$ cat my_file_36.pdb   # PDB, C-alpha atoms, pLDDT in the B column
ATOM      1  CA  MET K   1      -8.227 -29.850 -11.385  1.00 75.00           C
ATOM      2  CA  ASP K   2      -6.325 -31.745 -14.063  1.00 77.00           C
ATOM      3  CA  CYS K   3      -2.874 -30.752 -15.234  1.00 78.00           C
ATOM      4  CA  GLN K   4      -1.317 -31.623 -18.570  1.00 81.00           C
ATOM      5  CA  GLU K   5       2.296 -30.967 -19.545  1.00 83.00           C
ATOM      6  CA  VAL K   6       2.567 -29.333 -22.960  1.00 82.00           C
ATOM      7  CA  SER K   7       5.967 -29.291 -24.632  1.00 84.00           C
ATOM      8  CA  GLN K   8       7.079 -26.199 -26.491  1.00 83.00           C
ATOM      9  CA  ARG K   9       9.923 -25.992 -28.946  1.00 84.00           C
ATOM     10  CA  GLY K  10      12.848 -23.986 -27.601  1.00 85.00           C
ATOM     11  CA  ARG K  11      11.017 -23.182 -24.376  1.00 85.00           C
ATOM     12  CA  PRO K  12      10.319 -24.962 -21.112  1.00 85.00           C
ATOM     13  CA  ASP K  13       7.233 -27.138 -20.977  1.00 84.00           C
ATOM     14  CA  LYS K  14       4.129 -25.376 -19.798  1.00 85.00           C
ATOM     15  CA  LYS K  15       1.279 -26.743 -17.766  1.00 86.00           C
ATOM     16  CA  ARG K  16      -2.298 -26.547 -18.989  1.00 84.00           C
ATOM     17  CA  TYR K  17      -4.923 -26.857 -16.287  1.00 85.00           C
ATOM     18  CA  HIS K  18      -8.512 -28.015 -16.768  1.00 84.00           C
ATOM     19  CA  ILE K  19     -11.367 -28.099 -14.294  1.00 87.00           C
ATOM     20  CA  THR K  20     -12.602 -31.632 -13.725  1.00 89.00           C
ATOM     21  CA  ASP K  21     -16.306 -32.489 -13.607  1.00 88.00           C
ATOM     22  CA  ALA K  22     -16.040 -32.833  -9.818  1.00 90.00           C
ATOM     23  CA  GLY K  23     -14.313 -29.455  -9.608  1.00 89.00           C
ATOM     24  CA  ARG K  24     -17.009 -27.838 -11.742  1.00 88.00           C
ATOM     25  CA  GLU K  25     -19.714 -29.359  -9.515  1.00 91.00           C
ATOM     26  CA  ALA K  26     -17.978 -28.013  -6.388  1.00 90.00           C
ATOM     27  CA  PHE K  27     -17.653 -24.586  -8.020  1.00 87.00           C
ATOM     28  CA  VAL K  28     -21.356 -24.484  -8.947  1.00 91.00           C
ATOM     29  CA  ALA K  29     -22.302 -25.611  -5.419  1.00 91.00           C
ATOM     30  CA  ALA K  30     -20.277 -22.706  -3.988  1.00 89.00           C
ATOM     31  CA  LEU K  31     -21.930 -20.272  -6.419  1.00 88.00           C
ATOM     32  CA  LEU K  32     -25.355 -21.469  -5.306  1.00 89.00           C
ATOM     33  CA  GLN K  33     -24.464 -20.608  -1.690  1.00 90.00           C
ATOM     34  CA  SER K  34     -23.395 -17.045  -2.500  1.00 88.00           C
ATOM     35  CA  PRO K  35     -25.921 -14.257  -1.904  1.00 88.00           C
ATOM     36  CA  GLY K  36     -24.144 -12.215  -4.599  1.00 87.00           C
ATOM     37  CA  ARG K  37     -23.484  -9.148  -2.454  1.00 87.00           C
ATOM     38  CA  HIS K  38     -21.701  -6.210  -4.047  1.00 85.00           C
ATOM     39  CA  LYS K  39     -18.866  -5.026  -1.789  1.00 86.00           C
ATOM     40  CA  VAL K  40     -16.775  -1.992  -2.570  1.00 85.00           C
ATOM     41  CA  ARG K  41     -13.672  -1.377  -0.501  1.00 90.00           C
ATOM     42  CA  SER K  42     -12.049   1.645  -2.017  1.00 94.00           C
ATOM     43  CA  GLU K  43      -8.838   3.162  -0.707  1.00 95.00           C
ATOM     44  CA  PHE K  44      -9.557   5.958  -3.200  1.00 96.00           C
ATOM     45  CA  LEU K  45     -12.876   6.869  -1.556  1.00 96.00           C
ATOM     46  CA  ALA K  46     -11.443   6.464   1.942  1.00 95.00           C
ATOM     47  CA  LEU K  47      -8.630   8.863   1.043  1.00 96.00           C
ATOM     48  CA  LEU K  48     -11.071  11.380  -0.433  1.00 95.00           C
ATOM     49  CA  CYS K  49     -13.127  11.341   2.772  1.00 95.00           C
ATOM     50  CA  PHE K  50     -10.101  12.992   4.354  1.00 95.00           C
ATOM     51  CA  ALA K  51      -9.057  15.147   1.401  1.00 94.00           C
ATOM     52  CA  HIS K  52      -9.444  18.213   3.611  1.00 93.00           C
ATOM     53  CA  PHE K  53      -6.228  17.105   5.360  1.00 94.00           C
ATOM     54  CA  LEU K  54      -4.269  16.846   2.095  1.00 93.00           C
ATOM     55  CA  PRO K  55      -2.646  19.517  -0.041  1.00 93.00           C
ATOM     56  CA  PRO K  56      -5.003  20.342  -2.949  1.00 91.00           C
ATOM     57  CA  GLU K  57      -2.395  19.329  -5.530  1.00 92.00           C
ATOM     58  CA  GLN K  58      -2.161  15.861  -3.942  1.00 94.00           C
ATOM     59  CA  THR K  59      -5.930  15.443  -4.113  1.00 94.00           C
ATOM     60  CA  GLN K  60      -5.995  16.548  -7.748  1.00 94.00           C
ATOM     61  CA  TRP K  61      -3.128  14.164  -8.575  1.00 96.00           C
ATOM     62  CA  VAL K  62      -5.048  11.271  -6.979  1.00 96.00           C
ATOM     63  CA  LEU K  63      -8.144  12.194  -9.006  1.00 96.00           C
ATOM     64  CA  ASP K  64      -6.088  12.338 -12.215  1.00 97.00           C
ATOM     65  CA  GLU K  65      -4.538   8.932 -11.553  1.00 97.00           C
ATOM     66  CA  ARG K  66      -7.839   7.223 -10.732  1.00 97.00           C
ATOM     67  CA  TYR K  67      -9.477   8.871 -13.746  1.00 98.00           C
ATOM     68  CA  LYS K  68      -6.794   7.373 -16.018  1.00 98.00           C
ATOM     69  CA  GLU K  69      -7.190   3.995 -14.295  1.00 97.00           C
ATOM     70  CA  PHE K  70     -10.978   4.045 -14.756  1.00 97.00           C
ATOM     71  CA  GLN K  71     -10.611   5.081 -18.410  1.00 97.00           C
ATOM     72  CA  ALA K  72      -8.253   2.139 -18.954  1.00 97.00           C
ATOM     73  CA  ALA K  73     -10.750  -0.217 -17.271  1.00 96.00           C
ATOM     74  CA  MET K  74     -13.498   1.025 -19.611  1.00 95.00           C
ATOM     75  CA  GLU K  75     -11.257   0.486 -22.636  1.00 95.00           C
ATOM     76  CA  GLU K  76     -10.388  -3.009 -21.404  1.00 95.00           C
ATOM     77  CA  ALA K  77     -14.085  -3.854 -21.009  1.00 94.00           C
ATOM     78  CA  ASN K  78     -14.778  -2.472 -24.488  1.00 94.00           C
ATOM     79  CA  ARG K  79     -11.989  -4.597 -25.983  1.00 94.00           C
ATOM     80  CA  TRP K  80     -13.203  -7.686 -24.152  1.00 94.00           C
ATOM     81  CA  LEU K  81     -16.757  -7.158 -25.372  1.00 93.00           C
ATOM     82  CA  ALA K  82     -15.549  -6.528 -28.926  1.00 94.00           C
ATOM     83  CA  ASP K  83     -13.354  -9.651 -28.901  1.00 93.00           C
ATOM     84  CA  ARG K  84     -15.636 -12.077 -27.051  1.00 89.00           C
ATOM     85  CA  GLY K  85     -19.004 -10.388 -26.679  1.00 75.00           C
ATOM     86  CA  ASP K  86     -20.734 -12.491 -29.319  1.00 85.00           C
ATOM     87  CA  THR K  87     -19.539 -15.823 -27.938  1.00 92.00           C
ATOM     88  CA  ALA K  88     -19.217 -15.231 -24.188  1.00 92.00           C
ATOM     89  CA  PRO K  89     -21.944 -16.417 -21.831  1.00 94.00           C
ATOM     90  CA  ALA K  90     -24.621 -13.805 -21.078  1.00 94.00           C
ATOM     91  CA  GLY K  91     -23.467 -13.419 -17.459  1.00 94.00           C
ATOM     92  CA  MET K  92     -19.920 -12.565 -18.545  1.00 93.00           C
ATOM     93  CA  ARG K  93     -21.228 -10.025 -21.066  1.00 94.00           C
ATOM     94  CA  PHE K  94     -23.413  -8.516 -18.333  1.00 95.00           C
ATOM     95  CA  ALA K  95     -20.465  -8.277 -15.911  1.00 94.00           C
ATOM     96  CA  ALA K  96     -18.239  -6.621 -18.535  1.00 93.00           C
ATOM     97  CA  GLY K  97     -20.991  -4.168 -19.456  1.00 94.00           C
ATOM     98  CA  PHE K  98     -21.656  -3.442 -15.772  1.00 95.00           C
ATOM     99  CA  ARG K  99     -17.958  -2.751 -15.204  1.00 95.00           C
ATOM    100  CA  ARG K 100     -17.905  -0.412 -18.193  1.00 95.00           C
ATOM    101  CA  ALA K 101     -21.022   1.424 -16.956  1.00 96.00           C
ATOM    102  CA  VAL K 102     -19.675   1.833 -13.408  1.00 96.00           C
ATOM    103  CA  MET K 103     -16.325   3.143 -14.660  1.00 96.00           C
ATOM    104  CA  ALA K 104     -18.060   5.545 -17.085  1.00 97.00           C
ATOM    105  CA  ALA K 105     -20.294   6.868 -14.299  1.00 97.00           C
ATOM    106  CA  ALA K 106     -17.269   7.301 -12.009  1.00 97.00           C
ATOM    107  CA  CYS K 107     -15.393   9.249 -14.708  1.00 97.00           C
ATOM    108  CA  THR K 108     -18.404  11.470 -15.353  1.00 98.00           C
ATOM    109  CA  TYR K 109     -18.800  12.133 -11.632  1.00 97.00           C
ATOM    110  CA  MET K 110     -15.102  13.005 -11.249  1.00 96.00           C
ATOM    111  CA  ARG K 111     -15.219  15.417 -14.204  1.00 96.00           C
ATOM    112  CA  GLU K 112     -18.352  17.142 -12.938  1.00 96.00           C
ATOM    113  CA  HIS K 113     -17.465  17.318  -9.215  1.00 95.00           C
ATOM    114  CA  ARG K 114     -13.691  17.455  -8.861  1.00 92.00           C
ATOM    115  CA  SER K 115     -13.786  21.225  -8.360  1.00 92.00           C
ATOM    116  CA  GLU K 116     -15.665  20.657  -5.080  1.00 91.00           C
ATOM    117  CA  LEU K 117     -12.484  19.150  -3.630  1.00 88.00           C
ATOM    118  CA  LYS K 118     -10.429  22.234  -4.456  1.00 81.00           C
ATOM    119  CA  SER K 119     -12.339  24.237  -1.883  1.00 66.00           C
ATOM    120  CA  GLY K 120     -11.821  21.672   0.885  1.00 59.00           C
TER     121      GLY K 120
END

$ encode --input "my_file_36.pdb" --output "structure tokens"
Amino acid sequence: MDCQEVSQRGRPDKKRYHITDAGREAFVAALLQSPGRHKVRSEFLALLCFAHFLPPEQTQWVLDERYKEFQAAMEEANRWLADRGDTAPAGMRFAAGFRRAVMAAACTYMREHRSELKSG
């Protein structure tokens, strides 16, 4: 990692970091060792497993909050794709599209199945 001080008028200097060739090689070597597993550790899903212990209004509030969060994540992915989609590497475009698709599917599922949690 290289660091370069960049002066700014009327503001403190900032540091701009760049990956060195050796750093890039080490990063690629680490990527080559990764099996690329997809792990999901969701406090949201863990909480919903025990929704039958919660007041219904609490469960519905949690669903509302996560729904808004997932909608925001979809919008962020859409903005990213609109801003950089033509120039970003294919893998980054794929990851952004995958994120958007997962969030859209989650929102659809919540809309279609949230009533099941009202009955306990």

$ atom_distance --input "my_file_36.pdb" --atom1 "CA of Gly91 in chain K" --atom2 "CA of Ala106 in chain K"
22.3 Å

$ resolve_selection --input "my_file_36.pdb" --expression "the PyMOL selection byres ((chain K and resi 39-46) around 9)" --output "PyMOL selection string"
chain K and resi 37-38+47-50+62-63+66

$ resolve_selection --input "my_file_36.pdb" --expression "the PyMOL selection byres ((chain K and resi 67-81) around 12)" --output "PyMOL selection string"
chain K and resi 44+60-66+82-90+92-111+114

$ residues_around --input "my_file_36.pdb" --residues "Gln4 in chain K" --least-positions-apart "5" --cutoff "12 Å" --atoms "all atoms listed in the file" --output "JSON, numbers by chain"
{"K": [13, 14, 15, 16, 17, 18, 19]}

$ write_last_selection --input "my_file_36.pdb" --atoms "C-alpha atoms" --output "PDB file, keeping the file's coordinate frame"
ATOM      1  CA  ASP K  13       7.233 -27.138 -20.977  1.00 84.00           C
ATOM      2  CA  LYS K  14       4.129 -25.376 -19.798  1.00 85.00           C
ATOM      3  CA  LYS K  15       1.279 -26.743 -17.766  1.00 86.00           C
ATOM      4  CA  ARG K  16      -2.298 -26.547 -18.989  1.00 84.00           C
ATOM      5  CA  TYR K  17      -4.923 -26.857 -16.287  1.00 85.00           C
ATOM      6  CA  HIS K  18      -8.512 -28.015 -16.768  1.00 84.00           C
ATOM      7  CA  ILE K  19     -11.367 -28.099 -14.294  1.00 87.00           C
TER       8      ILE K  19
END

$ atom_distance --input "my_file_36.pdb" --atom1 "CA of Met1 in chain K" --atom2 "CA of Gly23 in chain K"
6.4 Å

$ decode --input "my_file_36.pdb" --residues "range 66-100 of chain K" --atoms "N, CA and C atoms" --output "PDB file, in the first residue's frame"
ATOM      1  N   ARG K  66     -36.980  -3.650   8.020  1.00  0.00           N
ATOM      2  CA  ARG K  66     -36.132  -4.395   7.078  1.00  0.00           C
ATOM      3  C   ARG K  66     -36.593  -4.170   5.643  1.00  0.00           C
ATOM      4  N   TYR K  67     -37.898  -4.054   5.435  1.00  0.00           N
ATOM      5  CA  TYR K  67     -38.411  -3.790   4.090  1.00  0.00           C
ATOM      6  C   TYR K  67     -37.847  -2.466   3.572  1.00  0.00           C
ATOM      7  N   LYS K  68     -37.878  -1.434   4.412  1.00  0.00           N
ATOM      8  CA  LYS K  68     -37.322  -0.128   4.007  1.00  0.00           C
ATOM      9  C   LYS K  68     -35.824  -0.238   3.735  1.00  0.00           C
ATOM     10  N   GLU K  69     -35.120  -0.988   4.575  1.00  0.00           N
ATOM     11  CA  GLU K  69     -33.679  -1.179   4.401  1.00  0.00           C
ATOM     12  C   GLU K  69     -33.384  -1.893   3.077  1.00  0.00           C
ATOM     13  N   PHE K  70     -34.154  -2.925   2.767  1.00  0.00           N
ATOM     14  CA  PHE K  70     -33.940  -3.674   1.526  1.00  0.00           C
ATOM     15  C   PHE K  70     -34.285  -2.822   0.308  1.00  0.00           C
ATOM     16  N   GLN K  71     -35.341  -2.009   0.417  1.00  0.00           N
ATOM     17  CA  GLN K  71     -35.687  -1.095  -0.676  1.00  0.00           C
ATOM     18  C   GLN K  71     -34.538  -0.115  -0.923  1.00  0.00           C
ATOM     19  N   ALA K  72     -33.970   0.413   0.150  1.00  0.00           N
ATOM     20  CA  ALA K  72     -32.845   1.345   0.018  1.00  0.00           C
ATOM     21  C   ALA K  72     -31.641   0.656  -0.618  1.00  0.00           C
ATOM     22  N   ALA K  73     -31.393  -0.601  -0.263  1.00  0.00           N
ATOM     23  CA  ALA K  73     -30.275  -1.347  -0.858  1.00  0.00           C
ATOM     24  C   ALA K  73     -30.499  -1.553  -2.354  1.00  0.00           C
ATOM     25  N   MET K  74     -31.747  -1.825  -2.746  1.00  0.00           N
ATOM     26  CA  MET K  74     -32.053  -1.963  -4.179  1.00  0.00           C
ATOM     27  C   MET K  74     -31.812  -0.649  -4.913  1.00  0.00           C
ATOM     28  N   GLU K  75     -32.270   0.452  -4.313  1.00  0.00           N
ATOM     29  CA  GLU K  75     -32.072   1.764  -4.937  1.00  0.00           C
ATOM     30  C   GLU K  75     -30.587   2.093  -5.050  1.00  0.00           C
ATOM     31  N   GLU K  76     -29.819   1.749  -4.031  1.00  0.00           N
ATOM     32  CA  GLU K  76     -28.373   1.987  -4.064  1.00  0.00           C
ATOM     33  C   GLU K  76     -27.725   1.180  -5.191  1.00  0.00           C
ATOM     34  N   ALA K  77     -28.119  -0.073  -5.329  1.00  0.00           N
ATOM     35  CA  ALA K  77     -27.582  -0.908  -6.415  1.00  0.00           C
ATOM     36  C   ALA K  77     -27.981  -0.340  -7.774  1.00  0.00           C
ATOM     37  N   ASN K  78     -29.210   0.125  -7.886  1.00  0.00           N
ATOM     38  CA  ASN K  78     -29.664   0.734  -9.146  1.00  0.00           C
ATOM     39  C   ASN K  78     -28.847   1.973  -9.487  1.00  0.00           C
ATOM     40  N   ARG K  79     -28.604   2.818  -8.474  1.00  0.00           N
ATOM     41  CA  ARG K  79     -27.802   4.030  -8.706  1.00  0.00           C
ATOM     42  C   ARG K  79     -26.381   3.664  -9.115  1.00  0.00           C
ATOM     43  N   TRP K  80     -25.810   2.690  -8.421  1.00  0.00           N
ATOM     44  CA  TRP K  80     -24.444   2.270  -8.736  1.00  0.00           C
ATOM     45  C   TRP K  80     -24.374   1.767 -10.168  1.00  0.00           C
ATOM     46  N   LEU K  81     -25.313   0.932 -10.554  1.00  0.00           N
ATOM     47  CA  LEU K  81     -25.321   0.398 -11.917  1.00  0.00           C
ATOM     48  C   LEU K  81     -25.529   1.506 -12.941  1.00  0.00           C
ATOM     49  N   ALA K  82     -26.384   2.468 -12.627  1.00  0.00           N
ATOM     50  CA  ALA K  82     -26.623   3.579 -13.551  1.00  0.00           C
ATOM     51  C   ALA K  82     -25.381   4.455 -13.685  1.00  0.00           C
ATOM     52  N   ASP K  83     -24.672   4.671 -12.577  1.00  0.00           N
ATOM     53  CA  ASP K  83     -23.493   5.541 -12.589  1.00  0.00           C
ATOM     54  C   ASP K  83     -22.252   4.862 -13.158  1.00  0.00           C
ATOM     55  N   ARG K  84     -22.069   3.573 -12.865  1.00  0.00           N
ATOM     56  CA  ARG K  84     -20.814   2.904 -13.211  1.00  0.00           C
ATOM     57  C   ARG K  84     -20.991   1.639 -14.034  1.00  0.00           C
ATOM     58  N   GLY K  85     -22.227   1.251 -14.284  1.00  0.00           N
ATOM     59  CA  GLY K  85     -22.497  -0.024 -14.924  1.00  0.00           C
ATOM     60  C   GLY K  85     -21.825  -0.226 -16.266  1.00  0.00           C
ATOM     61  N   ASP K  86     -21.650   0.835 -17.028  1.00  0.00           N
ATOM     62  CA  ASP K  86     -21.031   0.695 -18.347  1.00  0.00           C
ATOM     63  C   ASP K  86     -19.516   0.537 -18.266  1.00  0.00           C
ATOM     64  N   THR K  87     -18.913   1.038 -17.202  1.00  0.00           N
ATOM     65  CA  THR K  87     -17.452   1.041 -17.120  1.00  0.00           C
ATOM     66  C   THR K  87     -16.892   0.080 -16.074  1.00  0.00           C
ATOM     67  N   ALA K  88     -17.727  -0.392 -15.178  1.00  0.00           N
ATOM     68  CA  ALA K  88     -17.257  -1.281 -14.105  1.00  0.00           C
ATOM     69  C   ALA K  88     -16.929  -2.660 -14.666  1.00  0.00           C
ATOM     70  N   PRO K  89     -15.997  -3.350 -14.030  1.00  0.00           N
ATOM     71  CA  PRO K  89     -15.703  -4.725 -14.451  1.00  0.00           C
ATOM     72  C   PRO K  89     -16.957  -5.606 -14.354  1.00  0.00           C
ATOM     73  N   ALA K  90     -17.016  -6.627 -15.195  1.00  0.00           N
ATOM     74  CA  ALA K  90     -18.189  -7.502 -15.266  1.00  0.00           C
ATOM     75  C   ALA K  90     -18.537  -8.115 -13.913  1.00  0.00           C
ATOM     76  N   GLY K  91     -17.530  -8.497 -13.127  1.00  0.00           N
ATOM     77  CA  GLY K  91     -17.794  -9.098 -11.821  1.00  0.00           C
ATOM     78  C   GLY K  91     -18.480  -8.134 -10.874  1.00  0.00           C
ATOM     79  N   MET K  92     -18.100  -6.859 -10.922  1.00  0.00           N
ATOM     80  CA  MET K  92     -18.739  -5.856 -10.066  1.00  0.00           C
ATOM     81  C   MET K  92     -20.181  -5.620 -10.504  1.00  0.00           C
ATOM     82  N   ARG K  93     -20.405  -5.591 -11.818  1.00  0.00           N
ATOM     83  CA  ARG K  93     -21.779  -5.437 -12.325  1.00  0.00           C
ATOM     84  C   ARG K  93     -22.627  -6.629 -11.891  1.00  0.00           C
ATOM     85  N   PHE K  94     -22.050  -7.834 -11.990  1.00  0.00           N
ATOM     86  CA  PHE K  94     -22.767  -9.040 -11.573  1.00  0.00           C
ATOM     87  C   PHE K  94     -23.134  -8.952 -10.092  1.00  0.00           C
ATOM     88  N   ALA K  95     -22.172  -8.574  -9.249  1.00  0.00           N
ATOM     89  CA  ALA K  95     -22.416  -8.500  -7.805  1.00  0.00           C
ATOM     90  C   ALA K  95     -23.503  -7.478  -7.483  1.00  0.00           C
ATOM     91  N   ALA K  96     -23.473  -6.325  -8.146  1.00  0.00           N
ATOM     92  CA  ALA K  96     -24.501  -5.302  -7.909  1.00  0.00           C
ATOM     93  C   ALA K  96     -25.867  -5.800  -8.368  1.00  0.00           C
ATOM     94  N   GLY K  97     -25.914  -6.454  -9.516  1.00  0.00           N
ATOM     95  CA  GLY K  97     -27.175  -7.004 -10.004  1.00  0.00           C
ATOM     96  C   GLY K  97     -27.692  -8.117  -9.104  1.00  0.00           C
ATOM     97  N   PHE K  98     -26.786  -8.946  -8.598  1.00  0.00           N
ATOM     98  CA  PHE K  98     -27.156 -10.026  -7.679  1.00  0.00           C
ATOM     99  C   PHE K  98     -27.746  -9.432  -6.406  1.00  0.00           C
ATOM    100  N   ARG K  99     -27.092  -8.411  -5.872  1.00  0.00           N
ATOM    101  CA  ARG K  99     -27.600  -7.752  -4.661  1.00  0.00           C
ATOM    102  C   ARG K  99     -29.000  -7.219  -4.901  1.00  0.00           C
ATOM    103  N   ARG K 100     -29.185  -6.557  -6.035  1.00  0.00           N
ATOM    104  CA  ARG K 100     -30.496  -5.994  -6.374  1.00  0.00           C
ATOM    105  C   ARG K 100     -31.539  -7.110  -6.463  1.00  0.00           C
TER     106      ARG K 100
END
